Amino acid sequence: MNSFWSSSAALMGQAPNHNQPIEYINTNNAQTTSSYIEANMYQQAEDYGVEKVSKSAWQSLGLSTFAGIFIAVAFVFYITVTTGTTGSWGETRLVGGLVFSLGLILVVICGGELFTSSVLVSLAWAQKLVSTKELMVCWARVYFGNLIGALLMVALIMIAKMYELDGGDWGVNALNIAQHKLHHSWGQAFALGVLCNLLVCLGVWMTFVTKDALTKALLLILPVAMFVSSGFEHSIANLFMVPLGIAITHFASAEYFAVAGLTAAQFSDLTLSHFIVNNLIPVTLGNIVGGGVIVGLGYWLIERAAPHKKAHHTATPALANCVLSLSHSLNLHNSKLSTLTEPQILSATSSGEISMPKLIKQLLVSQVMNTAPFTLTAELSVYEGLKRLSDKGERGAAVIDSQRRLLGFVSQQDLLRSLWSQEYMRDISYKVADLMQKKVLTVAPNDTITDLIELMVVDRNKLFPVNDMGIFTGSTFACYEERLRHAYASKPSSFPVVAQGKLIGIISREAIAAKISTVYSC
């Protein structure tokens with residue numbers, strides 16, 4: 001299994017794409033260790049904040065408008081299922097909370113921009129990945145878009161006269177919900193806002209652990225059901241619910257109130273000023289504190305204090321000097337390693353094992369590859385191709401044209417297999433072009449060596465036998481060390497390095513091993 005193409009699995013069924021970086025093994029599968037999950041979730045949260053800020057104004061406004069619509073749709077669902085129910089108080093609210101989770105599910109799965117989850121941008125701000133101005137502009141833009149979406153739904157509900165459903169009880173239920181929201185004290189509304197967005201952002205945070213849409217939806221249900229059934233306050237939901245109550249009070253006919261046995265005067269406290277001062281402002285501030293401060297900045301402080309951020313162990317000066325000399329020999333022009341003066345390149349674990357040096361982590365393919373690789377041309381015969389490989393002591397070679405464009409890769413196995421087949425198929429004259437592998441995995445010169453090592457030697461599906469939902473898929477349980485011994489990858493030991501469609505080098509496992517060994521052998 002030492003040939004370039006060790007098995008058919010190495011082909012991966014894809015056409016060559018020479019301008020793209022190496023196709024990495026999926027590293028986002030759920031892991032069996034909590035430390036990996038936590039680190040992955042934190043990194044996803046950072047990326048989540050940066051991504052929100054980097055969206056264009058119109059894209060952000062459009063997505064936030066949809067998010068406002070999604071939350072309003074969920075509240076319509078809530079009003080419908082809680083109207084006329086005969087169950088207990090807790091059961092009714094639980095059912096309402098479960099159906100309201102549709103709103104956040106739509107936001108997460110369909111890609112809406114919701115203010116209450118956008119407050120997690122605070123984590124990226126704390127990491128200085130976004131500026132204070134970018135943070136405030138993002139929040140204001142998303143809040144405004146949510147308002148537009150919520151008011152659009154209010155208009156549609158009023159035009160559809162949904163408040164007349166169930167003999168008018170649907171509208172009465174909506175009026176009671178809206179009026180109740182204005183009867184909190186300022187401090188109570190603020191605290192309910194904190195509690196609400198604490199749960200919303202924790203629900204969103206949990207979705208960072210998976211890419212599976214169904215798993216994301218399931219993870220969101222209980223946090224949302226909890227905050228809704230407990231009566232916590234969500235500012236964007238209130239942007240729909242209270243204006244809807246105000247609209248019913250002002251635009252529903254006198255006959256409607258007469259049939260319902262009520263008068264519009266009973267809901268005279270449903271005013272815009274009352275809503276903004278006594279509900280919207282304190283709830284919005286509470287949402288920012290609950291999600292942006294407690295969850296976002298809270299996890300940032302925890303991550304900042306994590307042990308791996310501190311250099312508890314340092315390498316010996318001799319080892320550090322060896323690594324420094326190697327960095328100069330590699331001519332790392334833009335690397336901070338070339339100017340290091342303190343022996344802090346290597347760190348040691350508590351068991352005394354030396355972790356991978358920073359220098360190796362920053363090595364690029366272009367710094368290790370063979371820039372003058374042995375190659376073959378497509379028109380060569382099987383015999384000539386085999387002879388040239390043997391003369392050079394190579395197990396395989398890239399096949400190129402006169403302009404050094406990569407056409408494929410051929411190995412000794414490919415050529416010997418054709419010679420063996422001639423025992424059964426006479427008078428067939430093969431050329432290298434007929435036998436070369438045309439589906440070739442390539443790397444780019446700016447790919448990192450650490451990622452390439454993982455692709456070459458580690459099968460993550462064997463090392464972490466769980467699916468995206470975190471369900472164990474292996475046949476037997478084994479410790480990490482045992483799984484690692486069997487997590488060998490069926491991938492090539494050499495890769496063509498391609499830039500702008502042309503072959504510029506070959507990088508092999510042997511070359512990587514030789515380069516890395518110079519660090520540890522000093």
# chains A, B, ... in the order shown; residues from 1 in each chain; ligands from 1
call {"tool": "residues_around", "arguments": {"residues": "A:Leu123", "least_positions_apart": "2", "cutoff": "9 Å", "atoms": "only C-alpha atoms", "output": "list in words"}}
result
Ala45, Glu46, Gly49, Val119, Leu120, Val121, Trp125, Ala126, Gln127, Lys128, Leu129, Gly292, Val293, Val295, Gly296, Leu297, Gly298, Tyr299 and Trp300 of chain A
call {"tool": "residues_around", "arguments": {"residues": "A:Glu384", "least_positions_apart": "6", "cutoff": "10 Å", "atoms": "only C-alpha atoms", "output": "PyMOL selection string"}}
result
chain A and resi 376+390+431-432
call {"tool": "write_last_selection", "arguments": {"atoms": "N, CA, C and O atoms", "output": "PDB file, in the first residue's frame"}}
result
ATOM      1  N   LEU A 376       6.319  12.643 -15.950  1.00  0.00           N
ATOM      2  CA  LEU A 376       6.184  11.863 -17.173  1.00  0.00           C
ATOM      3  C   LEU A 376       5.252  12.604 -18.121  1.00  0.00           C
ATOM      4  O   LEU A 376       4.497  13.495 -17.701  1.00  0.00           O
ATOM      5  N   SER A 390      11.568   3.364 -12.671  1.00  0.00           N
ATOM      6  CA  SER A 390      12.553   2.484 -12.033  1.00  0.00           C
ATOM      7  C   SER A 390      13.930   3.132 -11.987  1.00  0.00           C
ATOM      8  O   SER A 390      14.637   3.047 -10.977  1.00  0.00           O
ATOM      9  N   LYS A 431      -0.685   3.370 -23.428  1.00  0.00           N
ATOM     10  CA  LYS A 431       0.215   4.471 -23.158  1.00  0.00           C
ATOM     11  C   LYS A 431      -0.065   5.004 -21.753  1.00  0.00           C
ATOM     12  O   LYS A 431      -1.069   4.668 -21.133  1.00  0.00           O
ATOM     13  N   VAL A 432       0.834   5.836 -21.284  1.00  0.00           N
ATOM     14  CA  VAL A 432       0.653   6.424 -19.957  1.00  0.00           C
ATOM     15  C   VAL A 432      -0.683   7.158 -19.869  1.00  0.00           C
ATOM     16  O   VAL A 432      -1.378   7.108 -18.856  1.00  0.00           O
TER      17      VAL A 432
END
call {"tool": "residues_around", "arguments": {"residues": "stretch 446-448 of chain A", "least_positions_apart": "4", "cutoff": "6 Å", "atoms": "only C-alpha atoms", "output": "list in words"}}
result
Leu363, Leu364 and Val365 of chain A
call {"tool": "atom_distance", "arguments": {"atom1": "atom CA of A:Gly112", "atom2": "atom CA of A:Ala178"}}
result
24.7 Å
call {"tool": "closest_residue", "arguments": {"among": "A:Leu192, A:Met226, A:Leu285, A:Val172", "to": "A:Tyr256", "atoms": "only C-alpha atoms"}}
result
A:Val172
call {"tool": "select_by_dssp", "arguments": {"residues": "stretch 378-495 of chain A", "states": "alpha helix (DSSP H)", "output": "ChimeraX atom specification"}}
result
/A:382-392,412-421,432-435,449-457,460-463,480-485
call {"tool": "residues_around", "arguments": {"residues": "stretch 239-241 of chain A", "least_positions_apart": "4", "cutoff": "10 Å", "atoms": "only C-alpha atoms", "output": "JSON, numbers by chain"}}
result
{"A": [68, 69, 71, 72, 73, 75, 76, 79, 143, 146, 147, 148, 149, 150, 151, 152, 153, 154, 174, 175, 177, 178, 179, 181, 234, 235, 245, 246, 247, 275, 276, 280]}
call {"tool": "atom_distance", "arguments": {"atom1": "atom CA of A:Asp212", "atom2": "atom CA of A:Tyr42"}}
result
17.8 Å
call {"tool": "closest_residue", "arguments": {"among": "A:Leu435, A:Thr65, A:Pro373, A:Ala499", "to": "A:Arg405", "atoms": "only C-alpha atoms"}}
result
A:Ala499
call {"tool": "residues_around", "arguments": {"residues": "A:Leu199", "least_positions_apart": "6", "cutoff": "8 Å", "atoms": "only C-alpha atoms", "output": "list of chain:residue names"}}
result
A:Pro223, A:Val224, A:Met226, A:Phe227
call {"tool": "residues_around", "arguments": {"residues": "A:Glu113", "least_positions_apart": "3", "cutoff": "7 Å", "atoms": "only C-alpha atoms", "output": "mmCIF file with all heavy atoms, in the first residue's frame"}}
result
data_model
loop_
_atom_site.group_PDB
_atom_site.id
_atom_site.type_symbol
_atom_site.label_atom_id
_atom_site.label_comp_id
_atom_site.auth_asym_id
_atom_site.auth_seq_id
_atom_site.Cartn_x
_atom_site.Cartn_y
_atom_site.Cartn_z
ATOM 1 N N SER A 60 -27.972 42.407 5.287
ATOM 2 C CA SER A 60 -28.325 42.335 6.703
ATOM 3 C C SER A 60 -29.750 42.813 6.944
ATOM 4 O O SER A 60 -30.509 42.192 7.710
ATOM 5 C CB SER A 60 -27.347 43.180 7.520
ATOM 6 O OG SER A 60 -27.667 43.144 8.884
ATOM 7 N N LEU A 63 -32.235 40.090 5.638
ATOM 8 C CA LEU A 63 -32.297 38.909 6.513
ATOM 9 C C LEU A 63 -32.939 39.234 7.851
ATOM 10 O O LEU A 63 -33.652 38.399 8.423
ATOM 11 C CB LEU A 63 -30.886 38.354 6.721
ATOM 12 C CG LEU A 63 -30.226 37.712 5.503
ATOM 13 C CD1 LEU A 63 -28.779 37.348 5.800
ATOM 14 C CD2 LEU A 63 -30.994 36.466 5.058
ATOM 15 N N SER A 64 -32.704 40.442 8.351
ATOM 16 C CA SER A 64 -33.315 40.817 9.628
ATOM 17 C C SER A 64 -34.816 41.058 9.462
ATOM 18 O O SER A 64 -35.593 40.809 10.392
ATOM 19 C CB SER A 64 -32.636 42.063 10.199
ATOM 20 O OG SER A 64 -32.684 43.145 9.295
ATOM 21 N N ALA A 67 -36.255 37.721 9.683
ATOM 22 C CA ALA A 67 -36.248 37.245 11.063
ATOM 23 C C ALA A 67 -37.419 37.833 11.851
ATOM 24 O O ALA A 67 -38.053 37.137 12.651
ATOM 25 C CB ALA A 67 -34.921 37.596 11.735
ATOM 26 N N VAL A 107 -35.302 31.134 11.989
ATOM 27 C CA VAL A 107 -34.199 32.088 11.936
ATOM 28 C C VAL A 107 -32.869 31.371 11.719
ATOM 29 O O VAL A 107 -32.065 31.759 10.865
ATOM 30 C CB VAL A 107 -34.149 32.931 13.231
ATOM 31 C CG1 VAL A 107 -32.858 33.740 13.294
ATOM 32 C CG2 VAL A 107 -35.349 33.864 13.312
ATOM 33 N N SER A 118 -28.044 38.312 17.625
ATOM 34 C CA SER A 118 -26.940 39.127 17.113
ATOM 35 C C SER A 118 -26.144 39.787 18.230
ATOM 36 O O SER A 118 -25.020 40.255 17.995
ATOM 37 C CB SER A 118 -27.470 40.200 16.158
ATOM 38 O OG SER A 118 -28.010 39.622 14.987
ATOM 39 N N VAL A 142 -29.940 45.464 12.396
ATOM 40 C CA VAL A 142 -30.731 44.250 12.593
ATOM 41 C C VAL A 142 -32.018 44.566 13.351
ATOM 42 O O VAL A 142 -33.095 44.044 13.018
ATOM 43 C CB VAL A 142 -29.900 43.187 13.342
ATOM 44 C CG1 VAL A 142 -30.767 42.006 13.757
ATOM 45 C CG2 VAL A 142 -28.747 42.702 12.474
#
call {"tool": "atom_distance", "arguments": {"atom1": "atom CA of A:Cys201", "atom2": "atom CA of A:Pro465"}}
result
29.0 Å
call {"tool": "select_by_dssp", "arguments": {"residues": "stretch 478-510 of chain A", "states": "strand (DSSP E)", "output": "number ranges by chain"}}
result
A: 494-499, 502-508
call {"tool": "residues_around", "arguments": {"residues": "A:Val228", "least_positions_apart": "6", "cutoff": "9 Å", "atoms": "only C-alpha atoms", "output": "list in words"}}
result
Arg93, Leu94, Gly96, Gly97, Leu98, Phe100, Ser101, Cys196 and His234 of chain A
